[in-house]
Amino acid sequence: MPTAPAHTAPPPPVPHPLRTRPFRLLFTGRALSLLGDAAIPAALALAVLEATGSTSALALVLGCAMVPKLLLLPLGGVAGDRFDARTVALATDLVRCATQLLVGVQLLGGAPSLAVLAVAEALGGAAGAFAMPTGSPLVKGTVPEEALHRANAAMGVAQSATRLAGPALAGTLVLTVGPGWAFVLDAATFAVSALLLTTVRVKRVPVPRRSLRADLAEGWQEVRSRDWYWSSLIGHSAWNGAAAVLMTLGPAIAVDRLGGGTTWVVLLQVGAVGFLLGTLLADRARPRRPVLTANLGLATYALPLVLLALAAPAPVTIAAYGLAQAGLGFLSPVWQTAVQRAVPAHALARVTSYDWLLSLAAMPLGYALAPLAASAWGPHVPLLVAAAAVGGCCAGTLLVPGVRRFG
């Protein structure tokens, strides 16, 4: 006589990643350093302009931070895979602690040297090139596979929360004790992050020793072999270039046509709130086609670009920007989880470095071309071109078989 099939008990629920000690320590350190970093852009701009009175000097300092980062990102990816990602991240935290402390001391001294500021930012940018590719390996090495999505969502919430709090913190420090203390605070957050990293245990995947060229080639092959990945990177690059166009031309349009500088400040704050809401949605949502859904959300960035070009009413433009930033907030954890699950652990840092490289390289292009195009044909032309680029490239991934199949 046949027996009834045995009923197996469902697997126990996976605890939230923040309940596990390794990820909790990693999260705390990353959140603190993100908060310190979020206060730096405003403090740096005001400090350099106050010290030199020159926008060219500010452009020089910003360029010194960006160029080494772009040039060294592929090497940072190799280091993150070849060596222990925790050790690389710890070392870069210490370097950035030292550089930010140096800038802070310079500013507090009252007579900062432009050369010292530029060198310090260049060293910090170089350290950032090695730090950025370690993010995904660190998360993947501290949580189980089934908790990756919630871990990435938690990191996204921390990023969005610091976007809200960072500018307010910078303004408070600049207006009360001076911009130098913002850099001292940032240095302190990196020191705490490094201290916490010393106590975190991260699973490591051994990588065979090869030449640098072979490591770079293998990382690029991992990118090329996945049509859903490289096609999405084109969309991400278009988004960053379009964001640079909006950030360059948007403030002047807000001041001249949309009611003044307050409109621009409100737009940025609504965008930060939208980013946070998008990240919170990503923590709960489980789309059947995550990469496609996230890319379509990213395509909504075309809306505020078009509305700015047409000088649409301020409330409509602000709402559209909030929606677009929600799309970015949704993409971040969804994309990171997809990459962490699909890319072999031994190549994850290199693949991530190419992602950052292609994304960040489009921003200087947007910063440079937007003013030139606006001077020649008016601001509506580069804004509409950027809208077509980001909308077409992100929504166009729908045509890629790998994007449609990725589930």
# chains A, B, ... in the order shown; residues from 1 in each chain; ligands from 1

call {"tool": "residues_around", "arguments": {"residues": "range 114-122 of chain A", "least_positions_apart": "3", "cutoff": "12 Å", "atoms": "only C-alpha atoms", "output": "number ranges by chain"}}
result
A: 40-41, 44-45, 47-54, 56-72, 95-107, 111, 125-129, 180, 183

call {"tool": "residues_around", "arguments": {"residues": "range 131-142 of chain A", "least_positions_apart": "4", "cutoff": "6 Å", "atoms": "only C-alpha atoms", "output": "PyMOL selection string"}}
result
chain A and resi 22-23+77+80+85+89+92+202-203+349+352-353

call {"tool": "closest_residue", "arguments": {"among": "A:Glu145, A:Asp283, A:Asp256, A:Asp93", "to": "Val334 in chain A", "atoms": "only C-alpha atoms"}}
result
A:Asp283

call {"tool": "residues_around", "arguments": {"residues": "Leu185 in chain A", "least_positions_apart": "4", "cutoff": "7 Å", "atoms": "only C-alpha atoms", "output": "mmCIF file with all heavy atoms, in the first residue's frame"}}
result
data_model
loop_
_atom_site.group_PDB
_atom_site.id
_atom_site.type_symbol
_atom_site.label_atom_id
_atom_site.label_comp_id
_atom_site.auth_asym_id
_atom_site.auth_seq_id
_atom_site.Cartn_x
_atom_site.Cartn_y
_atom_site.Cartn_z
ATOM 1 N N GLY A 36 30.123 61.458 5.804
ATOM 2 C CA GLY A 36 31.219 62.418 5.710
ATOM 3 C C GLY A 36 31.461 62.877 4.289
ATOM 4 O O GLY A 36 31.660 64.072 4.031
ATOM 5 N N TRP A 181 36.375 71.982 9.130
ATOM 6 C CA TRP A 181 35.891 70.955 10.041
ATOM 7 C C TRP A 181 35.086 69.885 9.311
ATOM 8 O O TRP A 181 34.971 68.754 9.806
ATOM 9 C CB TRP A 181 35.073 71.585 11.164
ATOM 10 C CG TRP A 181 35.941 72.261 12.166
ATOM 11 C CD1 TRP A 181 36.136 73.594 12.324
ATOM 12 C CD2 TRP A 181 36.782 71.618 13.131
ATOM 13 N NE1 TRP A 181 37.044 73.846 13.322
ATOM 14 C CE2 TRP A 181 37.447 72.645 13.843
ATOM 15 C CE3 TRP A 181 37.034 70.293 13.477
ATOM 16 C CZ2 TRP A 181 38.352 72.370 14.862
ATOM 17 C CZ3 TRP A 181 37.929 70.019 14.489
ATOM 18 C CH2 TRP A 181 38.575 71.052 15.174
ATOM 19 N N THR A 189 35.397 59.847 9.924
ATOM 20 C CA THR A 189 34.518 58.745 9.491
ATOM 21 C C THR A 189 35.316 57.656 8.791
ATOM 22 O O THR A 189 35.025 56.468 8.954
ATOM 23 C CB THR A 189 33.410 59.253 8.560
ATOM 24 O OG1 THR A 189 33.974 59.779 7.349
ATOM 25 C CG2 THR A 189 32.576 60.330 9.237
#

call {"tool": "closest_atom_pairs", "arguments": {"of": "range 309-366 of chain A", "to": "range 146-154 of chain A", "cutoff": "10 Å", "atoms": "only C-alpha atoms", "output": "Markdown table"}}
result
| residue | atom | partner | partner_atom | distance |
| --- | --- | --- | --- | --- |
| A:Gly329 | CA | A:Ala153 | CA | 9.2 |
| A:Phe330 | CA | A:Ala153 | CA | 8.7 |
| A:Leu331 | CA | A:Ala153 | CA | 10.0 |
| A:Ser332 | CA | A:Asn152 | CA | 8.0 |
| A:Pro333 | CA | A:Asn152 | CA | 4.8 |
| A:Val334 | CA | A:His149 | CA | 7.0 |
| A:Trp335 | CA | A:Asn152 | CA | 9.2 |
| A:Gln336 | CA | A:Asn152 | CA | 6.8 |
| A:Thr337 | CA | A:His149 | CA | 5.4 |
| A:Ala338 | CA | A:His149 | CA | 8.6 |
| A:Gln340 | CA | A:Leu148 | CA | 8.0 |
| A:Arg341 | CA | A:Leu148 | CA | 8.4 |

call {"tool": "write_last_selection", "arguments": {"atoms": "all heavy atoms", "output": "short mmCIF file (atom, residue, chain, number, x, y, z; two decimals), in the first residue's frame"}}
result
data_model
loop_
_atom_site.label_atom_id
_atom_site.label_comp_id
_atom_site.auth_asym_id
_atom_site.auth_seq_id
_atom_site.Cartn_x
_atom_site.Cartn_y
_atom_site.Cartn_z
N GLY A 329 17.15 55.33 -7.47
CA GLY A 329 17.20 54.64 -6.18
C GLY A 329 16.76 53.20 -6.28
O GLY A 329 17.31 52.32 -5.61
N PHE A 330 15.77 52.93 -7.14
CA PHE A 330 15.31 51.55 -7.34
C PHE A 330 16.38 50.73 -8.06
O PHE A 330 16.62 49.56 -7.73
CB PHE A 330 14.01 51.56 -8.15
CG PHE A 330 13.44 50.20 -8.40
CD1 PHE A 330 12.67 49.57 -7.45
CD2 PHE A 330 13.69 49.54 -9.59
CE1 PHE A 330 12.14 48.30 -7.67
CE2 PHE A 330 13.16 48.27 -9.83
CZ PHE A 330 12.39 47.66 -8.86
N LEU A 331 17.03 51.33 -9.05
CA LEU A 331 18.02 50.59 -9.83
C LEU A 331 19.20 50.12 -8.99
O LEU A 331 19.68 49.00 -9.16
CB LEU A 331 18.52 51.45 -10.99
CG LEU A 331 19.70 50.83 -11.77
CD1 LEU A 331 19.40 50.73 -13.25
CD2 LEU A 331 20.99 51.61 -11.53
N SER A 332 19.67 50.97 -8.10
CA SER A 332 20.95 50.71 -7.43
C SER A 332 21.00 49.33 -6.75
O SER A 332 21.85 48.50 -7.09
CB SER A 332 21.26 51.82 -6.44
OG SER A 332 22.51 51.62 -5.83
N PRO A 333 20.12 49.00 -5.79
CA PRO A 333 20.21 47.68 -5.17
C PRO A 333 19.82 46.54 -6.10
O PRO A 333 20.38 45.44 -6.02
CB PRO A 333 19.24 47.77 -3.98
CG PRO A 333 18.32 48.88 -4.30
CD PRO A 333 19.09 49.84 -5.15
N VAL A 334 18.85 46.78 -7.00
CA VAL A 334 18.44 45.72 -7.93
C VAL A 334 19.59 45.35 -8.85
O VAL A 334 19.88 44.16 -9.09
CB VAL A 334 17.21 46.19 -8.75
CG1 VAL A 334 16.90 45.20 -9.87
CG2 VAL A 334 15.99 46.34 -7.84
N TRP A 335 20.28 46.35 -9.37
CA TRP A 335 21.41 46.11 -10.28
C TRP A 335 22.55 45.41 -9.55
O TRP A 335 23.14 44.44 -10.06
CB TRP A 335 21.87 47.43 -10.88
CG TRP A 335 23.10 47.34 -11.71
CD1 TRP A 335 24.36 47.75 -11.39
CD2 TRP A 335 23.21 46.79 -13.04
NE1 TRP A 335 25.24 47.51 -12.40
CE2 TRP A 335 24.56 46.92 -13.43
CE3 TRP A 335 22.30 46.22 -13.92
CZ2 TRP A 335 25.02 46.48 -14.67
CZ3 TRP A 335 22.75 45.78 -15.15
CH2 TRP A 335 24.09 45.92 -15.52
N GLN A 336 22.88 45.88 -8.37
CA GLN A 336 23.99 45.29 -7.64
C GLN A 336 23.71 43.83 -7.30
O GLN A 336 24.61 42.98 -7.40
CB GLN A 336 24.27 46.09 -6.37
CG GLN A 336 24.86 47.46 -6.64
CD GLN A 336 24.93 48.33 -5.40
OE1 GLN A 336 24.88 47.83 -4.29
NE2 GLN A 336 25.02 49.63 -5.61
N THR A 337 22.48 43.52 -6.91
CA THR A 337 22.14 42.13 -6.61
C THR A 337 22.25 41.26 -7.85
O THR A 337 22.77 40.14 -7.80
CB THR A 337 20.72 42.04 -6.02
OG1 THR A 337 20.63 42.88 -4.87
CG2 THR A 337 20.39 40.62 -5.65
N ALA A 338 21.76 41.77 -8.99
CA ALA A 338 21.83 41.00 -10.23
C ALA A 338 23.29 40.71 -10.60
O ALA A 338 23.63 39.57 -10.97
CB ALA A 338 21.16 41.78 -11.36
N GLN A 340 25.97 40.68 -8.56
CA GLN A 340 26.60 39.82 -7.57
C GLN A 340 26.20 38.35 -7.76
O GLN A 340 27.00 37.46 -7.48
CB GLN A 340 26.22 40.29 -6.16
CG GLN A 340 26.89 41.59 -5.76
CD GLN A 340 26.21 42.25 -4.58
OE1 GLN A 340 25.20 41.77 -4.08
NE2 GLN A 340 26.75 43.37 -4.15
N ARG A 341 24.98 38.11 -8.22
CA ARG A 341 24.52 36.74 -8.40
C ARG A 341 24.98 36.15 -9.73
O ARG A 341 25.13 34.93 -9.85
CB ARG A 341 22.99 36.69 -8.30
CG ARG A 341 22.50 36.86 -6.87
CD ARG A 341 20.99 36.86 -6.79
NE ARG A 341 20.55 36.82 -5.39
CZ ARG A 341 19.32 37.07 -4.99
NH1 ARG A 341 18.40 37.40 -5.86
NH2 ARG A 341 19.00 37.00 -3.71
#

call {"tool": "select_by_dssp", "arguments": {"residues": "range 189-317 of chain A", "states": "alpha helix (DSSP H)", "output": "ChimeraX atom specification"}}
result
/A:189-197,212-224,227-257,261-284,290-298,302-309,314-317

call {"tool": "closest_residue", "arguments": {"among": "A:Ala373, A:Leu267, A:Leu246, A:Val255", "to": "Val390 in chain A", "atoms": "only C-alpha atoms"}}
result
A:Leu246

call {"tool": "closest_residue", "arguments": {"among": "A:Gly29, A:Gly235, A:Thr199, A:Pro15", "to": "Pro144 in chain A", "atoms": "only C-alpha atoms"}}
result
A:Pro15

call {"tool": "closest_atom_pairs", "arguments": {"of": "range 344-387 of chain A", "to": "range 304-318 of chain A", "cutoff": "8 Å", "atoms": "only C-alpha atoms", "output": "JSON lines"}}
result
{"residue": "A:Pro379", "atom": "CA", "partner": "A:Ala309", "partner_atom": "CA", "distance": 6.8}
{"residue": "A:His380", "atom": "CA", "partner": "A:Ala309", "partner_atom": "CA", "distance": 4.2}
{"residue": "A:Val381", "atom": "CA", "partner": "A:Ala309", "partner_atom": "CA", "distance": 7.5}
{"residue": "A:Leu383", "atom": "CA", "partner": "A:Leu305", "partner_atom": "CA", "distance": 5.5}
{"residue": "A:Leu384", "atom": "CA", "partner": "A:Val306", "partner_atom": "CA", "distance": 5.8}
{"residue": "A:Ala386", "atom": "CA", "partner": "A:Leu305", "partner_atom": "CA", "distance": 7.3}
{"residue": "A:Ala387", "atom": "CA", "partner": "A:Leu305", "partner_atom": "CA", "distance": 5.6}

call {"tool": "atom_distance", "arguments": {"atom1": "CA of Asp81 in chain A", "atom2": "CA of Val403 in chain A"}}
result
26.0 Å

call {"tool": "residues_around", "arguments": {"residues": "Leu196 in chain A", "least_positions_apart": "2", "cutoff": "8 Å", "atoms": "only C-alpha atoms", "output": "short mmCIF file (atom, residue, chain, number, x, y, z; two decimals) with N, CA, C and O atoms, in the first residue's frame"}}
result
data_model
loop_
_atom_site.label_atom_id
_atom_site.label_comp_id
_atom_site.auth_asym_id
_atom_site.auth_seq_id
_atom_site.Cartn_x
_atom_site.Cartn_y
_atom_site.Cartn_z
N LEU A 25 28.63 45.54 10.96
CA LEU A 25 29.85 46.33 11.09
C LEU A 25 30.22 47.00 9.77
O LEU A 25 30.59 48.18 9.74
N LEU A 26 30.12 46.25 8.68
CA LEU A 26 30.40 46.82 7.36
C LEU A 26 29.45 47.96 7.06
O LEU A 26 29.87 49.03 6.60
N GLY A 29 30.27 51.19 9.11
CA GLY A 29 31.43 51.91 8.59
C GLY A 29 31.15 52.60 7.27
O GLY A 29 31.53 53.76 7.07
N VAL A 192 37.08 55.61 11.52
CA VAL A 192 36.16 54.68 12.17
C VAL A 192 35.83 53.51 11.25
O VAL A 192 35.77 52.35 11.67
N SER A 193 35.61 53.81 9.96
CA SER A 193 35.33 52.75 8.99
C SER A 193 36.48 51.76 8.92
O SER A 193 36.27 50.54 8.90
N ALA A 194 37.71 52.26 8.89
CA ALA A 194 38.87 51.36 8.85
C ALA A 194 38.94 50.51 10.12
O ALA A 194 39.24 49.31 10.06
N THR A 198 38.60 46.19 10.40
CA THR A 198 39.56 45.27 11.00
C THR A 198 38.87 44.13 11.75
O THR A 198 39.47 43.08 12.00
N THR A 199 37.60 44.34 12.13
CA THR A 199 36.88 43.32 12.90
C THR A 199 35.91 42.51 12.04
O THR A 199 35.25 41.61 12.56
N VAL A 200 35.81 42.83 10.73
CA VAL A 200 34.85 42.15 9.86
C VAL A 200 35.52 40.95 9.20
O VAL A 200 36.62 41.06 8.65
#

call {"tool": "closest_residue", "arguments": {"among": "A:Ser375, A:Ala347, A:Leu358, A:Ala389", "to": "Leu216 in chain A", "atoms": "only C-alpha atoms"}}
result
A:Ala347

call {"tool": "atom_distance", "arguments": {"atom1": "CA of Leu323 in chain A", "atom2": "CA of Ala282 in chain A"}}
result
14.1 Å

call {"tool": "closest_residue", "arguments": {"among": "A:Trp377, A:Val339, A:Pro382, A:Ala43", "to": "Tyr229 in chain A", "atoms": "only C-alpha atoms"}}
result
A:Val339

call {"tool": "residues_around", "arguments": {"residues": "Ala165 in chain A", "least_positions_apart": "4", "cutoff": "9 Å", "atoms": "only C-alpha atoms", "output": "mmCIF file with all heavy atoms, in the first residue's frame"}}
result
data_model
loop_
_atom_site.group_PDB
_atom_site.id
_atom_site.type_symbol
_atom_site.label_atom_id
_atom_site.label_comp_id
_atom_site.auth_asym_id
_atom_site.auth_seq_id
_atom_site.Cartn_x
_atom_site.Cartn_y
_atom_site.Cartn_z
ATOM 1 N N LEU A 35 28.274 59.531 4.937
ATOM 2 C CA LEU A 35 27.810 60.785 5.518
ATOM 3 C C LEU A 35 28.899 61.847 5.450
ATOM 4 O O LEU A 35 28.642 63.001 5.083
ATOM 5 C CB LEU A 35 27.378 60.557 6.967
ATOM 6 C CG LEU A 35 26.913 61.811 7.723
ATOM 7 C CD1 LEU A 35 25.691 62.421 7.048
ATOM 8 C CD2 LEU A 35 26.621 61.477 9.188
ATOM 9 N N ALA A 38 29.296 62.998 1.868
ATOM 10 C CA ALA A 38 28.178 63.800 1.368
ATOM 11 C C ALA A 38 28.307 65.263 1.764
ATOM 12 O O ALA A 38 27.735 66.141 1.105
ATOM 13 C CB ALA A 38 26.862 63.231 1.877
ATOM 14 N N ALA A 39 29.061 65.537 2.818
ATOM 15 C CA ALA A 39 29.245 66.920 3.255
ATOM 16 C C ALA A 39 30.387 67.613 2.520
ATOM 17 O O ALA A 39 30.518 68.844 2.605
ATOM 18 C CB ALA A 39 29.513 66.948 4.763
ATOM 19 N N SER A 160 21.063 57.016 0.330
ATOM 20 C CA SER A 160 20.052 58.048 0.119
ATOM 21 C C SER A 160 19.867 58.910 1.365
ATOM 22 O O SER A 160 19.653 60.122 1.256
ATOM 23 C CB SER A 160 18.724 57.401 -0.297
ATOM 24 O OG SER A 160 18.320 56.415 0.627
ATOM 25 N N ALA A 161 19.944 58.305 2.542
ATOM 26 C CA ALA A 161 19.812 59.086 3.770
ATOM 27 C C ALA A 161 20.955 60.086 3.916
ATOM 28 O O ALA A 161 20.746 61.239 4.334
ATOM 29 C CB ALA A 161 19.763 58.151 4.977
ATOM 30 N N LEU A 169 24.425 69.014 6.825
ATOM 31 C CA LEU A 169 25.568 68.964 7.731
ATOM 32 C C LEU A 169 26.670 69.896 7.254
ATOM 33 O O LEU A 169 27.276 70.626 8.051
ATOM 34 C CB LEU A 169 26.077 67.528 7.826
ATOM 35 C CG LEU A 169 27.323 67.291 8.679
ATOM 36 C CD1 LEU A 169 27.058 67.677 10.123
ATOM 37 C CD2 LEU A 169 27.766 65.833 8.586
ATOM 38 N N ALA A 170 26.931 69.876 5.938
ATOM 39 C CA ALA A 170 27.967 70.756 5.387
ATOM 40 C C ALA A 170 27.619 72.214 5.633
ATOM 41 O O ALA A 170 28.478 73.011 6.043
ATOM 42 C CB ALA A 170 28.124 70.495 3.891
#

call {"tool": "atom_distance", "arguments": {"atom1": "CA of Leu303 in chain A", "atom2": "CA of Gly366 in chain A"}}
result
17.6 Å

call {"tool": "residues_around", "arguments": {"residues": "Glu222 in chain A", "least_positions_apart": "6", "cutoff": "9 Å", "atoms": "only C-alpha atoms", "output": "mmCIF file with N, CA, C and O atoms, in the first residue's frame"}}
result
data_model
loop_
_atom_site.group_PDB
_atom_site.id
_atom_site.type_symbol
_atom_site.label_atom_id
_atom_site.label_comp_id
_atom_site.auth_asym_id
_atom_site.auth_seq_id
_atom_site.Cartn_x
_atom_site.Cartn_y
_atom_site.Cartn_z
ATOM 1 N N VAL A 343 27.743 37.269 -11.787
ATOM 2 C CA VAL A 343 29.173 37.333 -12.102
ATOM 3 C C VAL A 343 29.950 36.468 -11.104
ATOM 4 O O VAL A 343 29.688 36.520 -9.898
ATOM 5 N N PRO A 344 30.897 35.654 -11.577
ATOM 6 C CA PRO A 344 31.704 34.844 -10.660
ATOM 7 C C PRO A 344 32.398 35.702 -9.611
ATOM 8 O O PRO A 344 32.877 36.806 -9.917
ATOM 9 N N ALA A 347 35.800 37.449 -10.155
ATOM 10 C CA ALA A 347 35.935 38.542 -11.112
ATOM 11 C C ALA A 347 35.046 39.730 -10.775
ATOM 12 O O ALA A 347 34.968 40.689 -11.552
ATOM 13 N N ARG A 350 36.620 43.370 -10.665
ATOM 14 C CA ARG A 350 37.011 43.874 -11.988
ATOM 15 C C ARG A 350 35.792 44.279 -12.817
ATOM 16 O O ARG A 350 35.779 45.336 -13.461
ATOM 17 N N VAL A 351 34.758 43.458 -12.795
ATOM 18 C CA VAL A 351 33.544 43.798 -13.534
ATOM 19 C C VAL A 351 32.935 45.085 -12.980
ATOM 20 O O VAL A 351 32.507 45.965 -13.731
#

call {"tool": "closest_residue", "arguments": {"among": "A:Leu277, A:Val245, A:Leu195, A:Ala42", "to": "Thr172 in chain A", "atoms": "only C-alpha atoms"}}
result
A:Ala42
